[in-house]
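Novice: Coordinates in run.csv, CSV, C-alpha atoms, are listed below.
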chain,number,residue,atom,x,y,z
I,1,MET,CA,49.4,-48.3,79.7
I,2,LYS,CA,48.4,-45.0,81.1
I,3,ARG,CA,49.8,-42.8,83.9
I,4,ILE,CA,47.3,-40.6,85.8
I,5,ARG,CA,47.9,-38.0,88.4
I,6,PHE,CA,45.0,-37.8,90.9
I,7,SER,CA,44.1,-35.3,93.6
I,8,ALA,CA,42.0,-36.7,96.4
I,9,ASP,CA,40.3,-34.6,99.1
I,10,TYR,CA,39.3,-37.1,101.8
I,11,PRO,CA,36.8,-36.3,104.6
I,12,GLU,CA,38.4,-35.8,108.0
I,13,ARG,CA,37.6,-39.3,109.2
I,14,LEU,CA,39.6,-40.8,106.3
I,15,ARG,CA,42.7,-38.7,106.6
I,16,HIS,CA,45.9,-40.2,107.8
I,17,PRO,CA,46.9,-38.8,111.3
I,18,LEU,CA,50.0,-37.3,109.7
I,19,HIS,CA,47.9,-35.4,107.2
I,20,ARG,CA,45.6,-34.1,109.8
I,21,ALA,CA,48.6,-32.8,111.7
I,22,ILE,CA,49.7,-30.5,108.8
I,23,VAL,CA,46.3,-29.2,107.9
I,24,GLY,CA,45.6,-26.0,109.8
I,25,GLU,CA,48.1,-24.2,112.0
I,26,SER,CA,51.2,-26.4,111.4
I,27,PRO,CA,54.3,-24.7,109.8
I,28,ILE,CA,54.5,-27.8,107.6
I,29,SER,CA,52.5,-27.2,104.3
I,30,ARG,CA,53.7,-30.2,102.4
I,31,ALA,CA,54.8,-33.8,103.2
I,32,GLU,CA,55.9,-36.2,100.5
I,33,LEU,CA,55.8,-40.0,101.0
I,34,LEU,CA,58.8,-41.0,98.9
I,35,MET,CA,59.2,-44.7,99.6
I,36,TRP,CA,57.4,-47.4,101.6
I,37,SER,CA,57.7,-51.0,102.4
I,38,PRO,CA,55.2,-53.6,101.3
I,39,THR,CA,55.0,-55.2,104.8
I,40,ALA,CA,52.9,-54.9,107.9
I,41,ASP,CA,55.9,-53.4,109.7
I,42,ALA,CA,55.6,-50.1,107.8
I,43,THR,CA,59.0,-48.5,107.0
I,44,THR,CA,58.7,-45.2,105.1
I,45,LEU,CA,60.9,-42.4,103.9
I,46,LEU,CA,59.1,-39.0,103.9
I,47,TRP,CA,60.2,-35.4,103.2
I,48,PHE,CA,58.7,-32.4,104.9
I,49,ASP,CA,59.0,-28.7,103.8
I,50,GLY,CA,59.8,-27.6,107.3
I,51,ASP,CA,62.6,-27.6,109.9
I,52,ARG,CA,63.4,-30.4,112.3
I,53,ASP,CA,61.2,-29.1,115.1
I,54,ALA,CA,58.1,-28.8,112.9
I,55,THR,CA,58.7,-32.2,111.4
I,56,THR,CA,59.1,-33.8,114.8
I,57,ALA,CA,55.7,-32.3,115.8
I,58,ALA,CA,54.0,-33.6,112.7
I,59,VAL,CA,55.5,-37.1,113.1
I,60,GLY,CA,54.4,-37.1,116.7
I,61,ALA,CA,50.8,-37.4,115.5
I,62,ILE,CA,51.5,-41.0,114.4
I,63,ASP,CA,50.5,-43.4,117.3
I,64,SER,CA,52.0,-46.4,115.6
I,65,LEU,CA,55.5,-44.9,115.4
I,66,VAL,CA,58.2,-47.3,116.7
I,67,ALA,CA,61.3,-45.4,115.6
I,68,SER,CA,62.3,-42.4,113.6
I,69,SER,CA,65.4,-40.6,112.3
I,70,LEU,CA,65.4,-37.1,110.9
I,71,VAL,CA,67.8,-35.6,108.4
I,72,ARG,CA,67.8,-31.9,107.6
I,73,ASP,CA,68.4,-30.7,104.0
I,74,ALA,CA,68.5,-27.3,102.4
I,75,GLY,CA,64.8,-27.2,101.6
I,76,GLY,CA,63.2,-29.3,104.4
I,77,THR,CA,63.6,-32.4,106.5
I,78,TYR,CA,63.8,-36.1,105.6
I,79,ALA,CA,62.2,-38.6,108.0
I,80,PHE,CA,62.8,-42.3,108.1
I,81,LEU,CA,59.9,-43.8,110.0
I,82,ARG,CA,59.2,-47.3,111.3
I,83,GLN,CA,55.6,-48.1,112.4
I,84,ASP,CA,53.8,-51.2,113.5
I,85,ASP,CA,50.8,-50.1,111.4
I,86,TYR,CA,50.2,-47.8,108.4
I,87,GLU,CA,47.2,-46.1,110.2
I,88,PHE,CA,45.3,-45.6,106.9
I,89,PRO,CA,41.6,-46.2,107.3
I,90,ALA,CA,40.5,-49.8,106.4
I,91,ALA,CA,38.2,-48.6,103.7
I,92,LEU,CA,41.0,-46.8,101.9
I,93,LEU,CA,43.5,-49.7,102.4
I,94,ASP,CA,40.9,-52.2,101.0
I,95,THR,CA,40.3,-50.0,98.0
I,96,VAL,CA,44.1,-49.8,97.3
I,97,ALA,CA,44.6,-53.5,97.9
I,98,ALA,CA,41.7,-54.5,95.5
I,99,SER,CA,43.0,-52.2,92.7
I,100,ARG,CA,44.8,-53.5,89.7
I,101,VAL,CA,47.1,-50.5,89.4
I,102,ILE,CA,50.6,-49.5,90.6
I,103,PHE,CA,51.1,-46.4,92.7
I,104,LEU,CA,54.2,-44.2,91.9
I,105,PRO,CA,56.0,-42.1,94.4
I,106,PRO,CA,55.8,-39.5,95.7
I,107,VAL,CA,52.4,-39.4,97.5
I,108,VAL,CA,52.0,-35.7,98.4
I,109,PHE,CA,50.0,-34.6,101.5
I,110,ARG,CA,49.2,-30.9,101.3
I,111,GLU,CA,48.0,-28.4,103.9
I,112,SER,CA,44.9,-27.7,101.7
I,113,GLY,CA,43.7,-31.2,102.7
I,114,ASP,CA,44.2,-32.9,99.4
I,115,VAL,CA,46.5,-35.8,98.5
I,116,ARG,CA,48.2,-35.8,95.1
I,117,PHE,CA,49.5,-39.1,93.7
I,118,GLU,CA,50.1,-41.0,90.5
I,119,ALA,CA,48.9,-44.4,89.4
I,120,ALA,CA,49.8,-46.5,86.4
I,121,GLY,CA,48.0,-49.4,84.7
I,122,ALA,CA,45.7,-50.5,82.0
I,123,THR,CA,42.9,-48.0,81.1
I,124,ALA,CA,40.1,-50.3,82.4
I,125,ALA,CA,41.9,-50.9,85.7
I,126,LEU,CA,42.5,-47.2,86.2
I,127,SER,CA,38.9,-46.4,85.4
I,128,ALA,CA,37.7,-49.0,88.0
I,129,PHE,CA,40.1,-47.7,90.6
I,130,HIS,CA,38.9,-44.1,89.9
I,131,ASP,CA,35.3,-45.2,90.5
I,132,ASP,CA,36.1,-47.0,93.7
I,133,LEU,CA,38.1,-44.2,95.2
I,134,ALA,CA,35.6,-41.6,94.1
I,135,ALA,CA,33.2,-43.2,96.5
I,136,LEU,CA,35.5,-42.3,99.4
I,137,ALA,CA,36.9,-38.9,98.3
I,138,ASP,CA,36.4,-35.8,96.2
I,139,LEU,CA,38.6,-37.0,93.3
I,140,THR,CA,40.1,-35.0,90.5
I,141,ILE,CA,42.2,-36.2,87.5
I,142,GLU,CA,44.9,-33.6,87.0
I,143,ARG,CA,46.9,-35.2,84.2
I,144,VAL,CA,46.8,-38.3,81.9
I,145,HIS,CA,49.7,-39.4,79.7
I,146,GLU,CA,51.3,-42.6,78.4
I,147,PHE,CA,53.3,-44.6,80.8
I,148,GLU,CA,57.0,-44.7,79.9
I,149,ARG,CA,59.2,-47.6,81.0
I,150,ARG,CA,62.1,-45.2,81.3
I,151,ARG,CA,61.4,-41.8,82.6
I,152,THR,CA,63.4,-39.1,80.7
I,153,PRO,CA,66.0,-37.6,83.0
I,154,SER,CA,65.0,-34.1,82.0
I,155,ARG,CA,61.4,-34.5,83.1
I,156,LEU,CA,60.4,-31.9,85.7
I,157,THR,CA,59.7,-32.9,89.3
I,158,ASP,CA,56.6,-31.5,90.9
I,159,ARG,CA,58.6,-29.0,92.9
I,160,GLN,CA,60.5,-27.8,89.8
I,161,ARG,CA,57.2,-27.4,87.9
I,162,ALA,CA,55.7,-25.5,90.8
I,163,ALA,CA,58.8,-23.2,90.8
I,164,LEU,CA,58.4,-22.5,87.1
I,165,GLU,CA,54.6,-21.9,87.4
I,166,THR,CA,55.2,-19.5,90.3
I,167,ALA,CA,58.0,-17.7,88.4
I,168,VAL,CA,55.6,-17.1,85.5
I,169,SER,CA,52.9,-15.9,87.8
I,170,VAL,CA,55.1,-13.3,89.5
I,171,GLY,CA,56.5,-12.0,86.2
I,172,TYR,CA,60.0,-13.5,86.5
I,173,TYR,CA,60.2,-14.3,82.8
I,174,GLU,CA,58.6,-11.0,81.6
I,175,VAL,CA,60.8,-8.7,79.5
I,176,PRO,CA,61.8,-6.5,81.2
I,177,ARG,CA,61.7,-8.8,84.3
I,178,GLU,CA,59.1,-7.9,86.9
I,179,GLY,CA,59.5,-10.5,89.5
I,180,THR,CA,62.5,-11.8,91.4
I,181,VAL,CA,63.8,-15.1,92.8
I,182,ALA,CA,62.7,-13.7,96.2
I,183,ASP,CA,59.1,-13.4,94.9
I,184,VAL,CA,59.3,-17.0,93.7
I,185,ALA,CA,60.5,-18.1,97.1
I,186,ALA,CA,57.6,-16.3,98.8
I,187,GLY,CA,55.2,-18.0,96.5
I,188,LEU,CA,56.7,-21.4,97.2
I,189,ASP,CA,57.1,-20.6,100.9
I,190,CYS,CA,60.8,-21.6,100.9
I,191,ALA,CA,64.2,-20.1,101.1
I,192,THR,CA,65.5,-17.8,98.3
I,193,SER,CA,68.4,-20.2,97.7
I,194,THR,CA,66.1,-23.1,97.4
I,195,ALA,CA,63.9,-21.3,94.9
I,196,GLY,CA,67.0,-20.3,92.9
I,197,GLU,CA,68.2,-23.9,92.8
I,198,LEU,CA,64.7,-25.2,91.8
I,199,LEU,CA,64.6,-22.7,88.9
I,200,ARG,CA,68.0,-23.5,87.7
I,201,LYS,CA,67.4,-27.2,87.6
I,202,ALA,CA,63.9,-26.7,86.0
I,203,GLU,CA,65.3,-24.4,83.3
I,204,ALA,CA,68.1,-26.9,82.6
I,205,ALA,CA,65.6,-29.7,82.3
I,206,VAL,CA,63.3,-27.7,80.0
I,207,VAL,CA,66.1,-26.7,77.7
I,208,GLU,CA,67.5,-30.3,77.6
I,209,ARG,CA,64.1,-31.7,76.7
I,210,ALA,CA,63.5,-29.1,74.1
I,211,VAL,CA,66.8,-29.9,72.4
I,212,GLU,CA,66.1,-33.6,72.5
I,213,SER,CA,62.7,-33.1,70.8
I,214,GLU,CA,64.2,-31.2,67.8
Just give me the structure of the file as C-alpha coordinates.
Specialist:
Amino acid sequence: MKRIRFSADYPERLRHPLHRAIVGESPISRAELLMWSPTADATTLLWFDGDRDATTAAVGAIDSLVASSLVRDAGGTYAFLRQDDYEFPAALLDTVAASRVIFLPPVVFRESGDVRFEAAGATAALSAFHDDLAALADLTIERVHEFERRRTPSRLTDRQRAALETAVSVGYYEVPREGTVADVAAGLDCATSTAGELLRKAEAAVVERAVESE
(Lines of atoms letter the chains of each structure in order from A and count residues from 1; the text may use other names and numbers.)
(Lines give C-alpha, C1' and ligand atoms only; values in the text may rest on other atoms or scores of the structure.)
Protein backbone atom coordinates (compact mmCIF):
# COMPACT_ATOMS: atom_id res chain seq x y z
CA MET A 1 0.00 0.00 0.00
CA LYS A 2 1.24 3.44 -0.95
CA ARG A 3 0.26 6.93 0.12
CA ILE A 4 0.72 9.72 -2.41
CA ARG A 5 0.33 13.47 -2.07
CA PHE A 6 -0.89 15.09 -5.27
CA SER A 7 -1.16 18.68 -6.36
CA ALA A 8 -3.77 19.32 -9.07
CA ASP A 9 -4.21 22.57 -10.96
CA TYR A 10 -7.63 22.42 -12.61
CA PRO A 11 -8.78 24.68 -15.44
CA GLU A 12 -11.30 27.34 -14.41
CA ARG A 13 -14.28 25.34 -15.67
CA LEU A 14 -13.42 22.41 -13.36
CA ARG A 15 -12.79 24.37 -10.18
CA HIS A 16 -15.29 24.15 -7.36
CA PRO A 17 -17.16 27.46 -6.77
CA LEU A 18 -15.59 27.74 -3.33
CA HIS A 19 -12.12 27.43 -4.84
CA ARG A 20 -12.89 30.04 -7.48
CA ALA A 21 -13.94 32.37 -4.67
CA ILE A 22 -10.53 32.29 -2.95
CA VAL A 23 -8.40 32.59 -6.09
CA GLY A 24 -7.64 36.23 -6.74
CA GLU A 25 -8.63 39.12 -4.48
CA SER A 26 -10.11 37.17 -1.55
CA PRO A 27 -8.43 37.59 1.87
CA ILE A 28 -8.73 33.79 2.15
CA SER A 29 -5.58 32.11 0.84
CA ARG A 30 -6.24 28.56 2.03
CA ALA A 31 -9.31 26.42 2.65
CA GLU A 32 -9.08 22.88 4.02
CA LEU A 33 -11.82 20.30 3.53
CA LEU A 34 -11.41 18.32 6.75
CA MET A 35 -14.36 15.92 6.70
CA TRP A 36 -17.22 15.11 4.36
CA SER A 37 -20.25 12.83 4.26
CA PRO A 38 -20.61 10.02 1.70
CA THR A 39 -24.16 11.08 0.87
CA ALA A 40 -25.96 13.23 -1.69
CA ASP A 41 -26.86 15.61 1.14
CA ALA A 42 -23.33 16.96 1.39
CA THR A 43 -22.30 17.75 4.95
CA THR A 44 -18.76 19.05 5.29
CA LEU A 45 -16.38 20.55 7.81
CA LEU A 46 -13.90 23.06 6.42
CA TRP A 47 -11.26 25.37 7.83
CA PHE A 48 -10.39 28.78 6.35
CA ASP A 49 -7.31 30.87 7.11
CA GLY A 50 -9.34 34.04 7.48
CA ASP A 51 -11.80 35.75 9.77
CA ARG A 52 -15.54 35.22 9.96
CA ASP A 53 -16.43 37.90 7.41
CA ALA A 54 -13.96 36.61 4.83
CA THR A 55 -15.16 33.05 5.38
CA THR A 56 -18.80 34.10 5.04
CA ALA A 57 -18.00 35.75 1.71
CA ALA A 58 -16.18 32.66 0.42
CA VAL A 59 -18.96 30.31 1.53
CA GLY A 60 -21.47 32.58 -0.20
CA ALA A 61 -20.14 31.36 -3.55
CA ILE A 62 -21.76 27.95 -2.97
CA ASP A 63 -25.19 27.96 -4.64
CA SER A 64 -26.20 24.60 -3.15
CA LEU A 65 -25.70 25.76 0.44
CA VAL A 66 -28.64 24.87 2.70
CA ALA A 67 -27.21 25.76 6.12
CA SER A 68 -23.91 26.86 7.64
CA SER A 69 -22.35 27.43 11.04
CA LEU A 70 -19.05 29.24 11.56
CA VAL A 71 -16.71 28.89 14.53
CA ARG A 72 -13.70 31.18 14.91
CA ASP A 73 -10.38 29.83 16.20
CA ALA A 74 -6.98 31.41 16.82
CA GLY A 75 -5.69 30.83 13.29
CA GLY A 76 -8.83 30.97 11.16
CA THR A 77 -12.46 29.91 10.97
CA TYR A 78 -14.17 26.51 10.94
CA ALA A 79 -17.26 26.14 8.76
CA PHE A 80 -19.87 23.41 9.10
CA LEU A 81 -21.76 23.33 5.79
CA ARG A 82 -24.80 21.42 4.57
CA GLN A 83 -25.48 21.42 0.85
CA ASP A 84 -27.93 19.66 -1.43
CA ASP A 85 -25.16 19.06 -3.97
CA TYR A 86 -21.37 18.88 -3.87
CA GLU A 87 -21.06 21.17 -6.92
CA PHE A 88 -17.94 19.44 -8.21
CA PRO A 89 -17.97 19.01 -12.02
CA ALA A 90 -19.40 15.70 -13.23
CA ALA A 91 -16.15 14.75 -14.98
CA LEU A 92 -14.24 15.06 -11.73
CA LEU A 93 -16.83 13.23 -9.64
CA ASP A 94 -16.95 10.39 -12.19
CA THR A 95 -13.16 10.06 -12.05
CA VAL A 96 -13.19 9.93 -8.25
CA ALA A 97 -16.10 7.48 -8.17
CA ALA A 98 -14.41 5.15 -10.66
CA SER A 99 -11.09 5.15 -8.81
CA ARG A 100 -9.98 2.28 -6.59
CA VAL A 101 -8.19 4.48 -4.04
CA ILE A 102 -9.08 6.14 -0.75
CA PHE A 103 -8.81 9.90 -0.26
CA LEU A 104 -7.36 11.17 3.01
CA PRO A 105 -8.22 14.53 4.59
CA PRO A 106 -7.52 17.33 4.39
CA VAL A 107 -8.15 18.40 0.81
CA VAL A 108 -6.44 21.79 0.59
CA PHE A 109 -7.66 24.52 -1.79
CA ARG A 110 -5.04 27.24 -2.26
CA GLU A 111 -5.18 30.76 -3.64
CA SER A 112 -2.59 29.78 -6.26
CA GLY A 113 -5.34 27.71 -7.91
CA ASP A 114 -4.07 24.24 -7.08
CA VAL A 115 -5.65 21.58 -4.88
CA ARG A 116 -3.43 19.43 -2.64
CA PHE A 117 -4.68 16.06 -1.40
CA GLU A 118 -3.52 12.57 -0.50
CA ALA A 119 -4.71 9.21 -1.80
CA ALA A 120 -3.88 5.71 -0.60
CA GLY A 121 -4.15 2.36 -2.30
CA ALA A 122 -2.40 -0.35 -4.27
CA THR A 123 0.29 0.86 -6.66
CA ALA A 124 -1.66 -0.16 -9.78
CA ALA A 125 -4.83 1.58 -8.57
CA LEU A 126 -2.93 4.78 -7.75
CA SER A 127 -1.24 4.71 -11.14
CA ALA A 128 -4.57 4.31 -12.94
CA PHE A 129 -6.10 7.14 -10.89
CA HIS A 130 -3.13 9.36 -11.70
CA ASP A 131 -3.57 8.78 -15.42
CA ASP A 132 -7.30 9.45 -15.31
CA LEU A 133 -6.98 12.64 -13.27
CA ALA A 134 -4.05 13.89 -15.36
CA ALA A 135 -6.49 14.06 -18.29
CA LEU A 136 -8.44 16.72 -16.36
CA ALA A 137 -5.75 18.69 -14.51
CA ASP A 138 -2.09 19.61 -14.45
CA LEU A 139 -1.11 16.96 -11.92
CA THR A 140 2.03 16.78 -9.79
CA ILE A 141 3.16 14.03 -7.40
CA GLU A 142 4.67 15.78 -4.39
CA ARG A 143 5.41 12.84 -2.12
CA VAL A 144 5.21 9.04 -2.11
CA HIS A 145 5.60 6.84 0.96
CA GLU A 146 4.30 3.65 2.48
CA PHE A 147 0.82 3.72 3.96
CA GLU A 148 0.82 3.27 7.73
CA ARG A 149 -2.21 1.76 9.45
CA ARG A 150 -1.52 3.93 12.47
CA ARG A 151 -0.11 7.34 11.88
CA THR A 152 2.65 8.28 14.30
CA PRO A 153 1.39 11.03 16.64
CA SER A 154 4.58 12.99 16.12
CA ARG A 155 4.11 13.28 12.35
CA LEU A 156 3.98 16.90 11.21
CA THR A 157 0.80 18.42 9.84
CA ASP A 158 1.04 20.38 6.58
CA ARG A 159 0.83 23.66 8.48
CA GLN A 160 3.54 22.64 10.93
CA ARG A 161 5.79 21.59 8.08
CA ALA A 162 5.13 24.88 6.30
CA ALA A 163 6.06 26.74 9.50
CA LEU A 164 9.37 24.89 9.75
CA GLU A 165 10.15 25.43 6.07
CA THR A 166 9.39 29.13 6.40
CA ALA A 167 11.49 29.37 9.56
CA VAL A 168 14.46 27.85 7.74
CA SER A 169 14.01 30.19 4.76
CA VAL A 170 13.99 33.36 6.94
CA GLY A 171 17.02 32.25 8.96
CA TYR A 172 15.19 31.50 12.19
CA TYR A 173 17.46 28.51 12.88
CA GLU A 174 20.71 30.18 11.83
CA VAL A 175 23.41 30.68 14.47
CA PRO A 176 23.28 33.49 15.36
CA ARG A 177 19.55 33.71 14.61
CA GLU A 178 18.70 35.98 11.67
CA GLY A 179 14.91 35.66 11.47
CA THR A 180 12.17 36.08 14.03
CA VAL A 181 8.80 34.50 14.74
CA ALA A 182 7.29 37.65 13.23
CA ASP A 183 9.15 36.89 9.99
CA VAL A 184 7.73 33.35 10.03
CA ALA A 185 4.25 34.76 10.62
CA ALA A 186 4.66 37.11 7.66
CA GLY A 187 5.72 34.21 5.45
CA LEU A 188 2.71 32.16 6.53
CA ASP A 189 0.37 35.18 6.46
CA CYS A 190 -0.87 34.49 9.97
CA ALA A 191 -0.68 36.01 13.45
CA THR A 192 2.64 35.94 15.32
CA SER A 193 1.04 33.93 18.13
CA THR A 194 -0.19 31.33 15.61
CA ALA A 195 3.26 31.06 14.01
CA GLY A 196 4.85 30.61 17.44
CA GLU A 197 2.42 27.85 18.35
CA LEU A 198 2.96 26.07 15.03
CA LEU A 199 6.74 26.20 15.51
CA ARG A 200 6.56 24.90 19.07
CA LYS A 201 4.35 21.96 18.10
CA ALA A 202 6.43 21.19 15.03
CA GLU A 203 9.68 21.27 16.99
CA ALA A 204 8.21 19.00 19.67
CA ALA A 205 7.05 16.55 16.98
CA VAL A 206 10.46 16.50 15.27
CA VAL A 207 12.30 15.93 18.55
CA GLU A 208 9.88 13.18 19.61
CA ARG A 209 10.19 11.39 16.28
CA ALA A 210 14.01 11.71 16.36
CA VAL A 211 14.16 10.18 19.83
CA GLU A 212 11.82 7.34 18.79
CA SER A 213 13.99 6.51 15.77
CA GLU A 214 17.17 6.09 17.81
Novice: Which value, in Å to one decimal, gives the distance between atom CA of I:Tyr86 and atom CA of I:Asp53?
Specialist: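 If I compute the distance from atom CA of I:Tyr86 to atom CA of I:Asp53, I get 22.7 Å.
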Novice: Find the distance between atom CA of I:Gly113 and atom CA of I:Thr77 and write it in Å to one decimal.
Specialist: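 Interatomic distance here is 20.3 Å.
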Novice: Which is closer to I:Ala125 than all the others in I:Ala98, I:Arg149, I:Arg143, I:Val168, using only C-alpha atoms?
Specialist: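 Using only C-alpha atoms, I:Ala125 sits closest to I:Ala98.
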Novice: Of the residues I:Asp85, I:Asp9, I:Glu32, I:Glu165, which is the one nearest to I:Thr55, using all atoms listed in the file?
Specialist: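 Under the stated criterion, the closest residue is I:Glu32.
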Novice: Find, counting only C-alpha atoms, the residue in I:Ala74, I:Val96, I:Leu104, I:Met1 that gets nearest to I:Glu197.
Specialist: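 For I:Glu197, the nearest of the given residues is I:Ala74.
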Novice: Looking at all atoms listed in the file, which of I:Ala58, I:Val115, I:Ala162, I:Leu81 is the one that sits closest to I:Met35?
Specialist: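 Comparing I:Ala58, I:Val115, I:Ala162, I:Leu81 against I:Met35, the winner is I:Leu81.
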Novice: Between atom CA of I:Ser127 and atom CA of I:Leu139, what is the spacing in Å?
Specialist: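 So the answer is 12.3 Å.
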Novice: Go through I:Ser112, I:Thr166, I:Ser69, I:Ser99 and flag the residue nearest I:Asp189, using only C-alpha atoms for the distances.
Specialist: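 The answer is I:Thr166, which sits nearest to I:Asp189.
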Novice: Which is closest to I:His145 among I:Ala119, I:Leu198, I:Arg159, I:Leu164, if we use all atoms listed in the file?
Specialist: I:Ala119
Novice: Name the residues within 10 Å of (61.6, -20.9, 86.3), counting only C-alpha atoms in the file's coordinates, and put them as a list in words.
Specialist: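 Using only C-alpha atoms, the matching residues come out as Gln160, Arg161, Ala162, Ala163, Leu164, Glu165, Thr166, Ala167, Val168, Tyr172, Tyr173, Val181, Val184, Ala195, Gly196, Glu197, Leu198, Leu199, Arg200, Lys201, Ala202, Glu203, Ala204 and Val206 of chain I.
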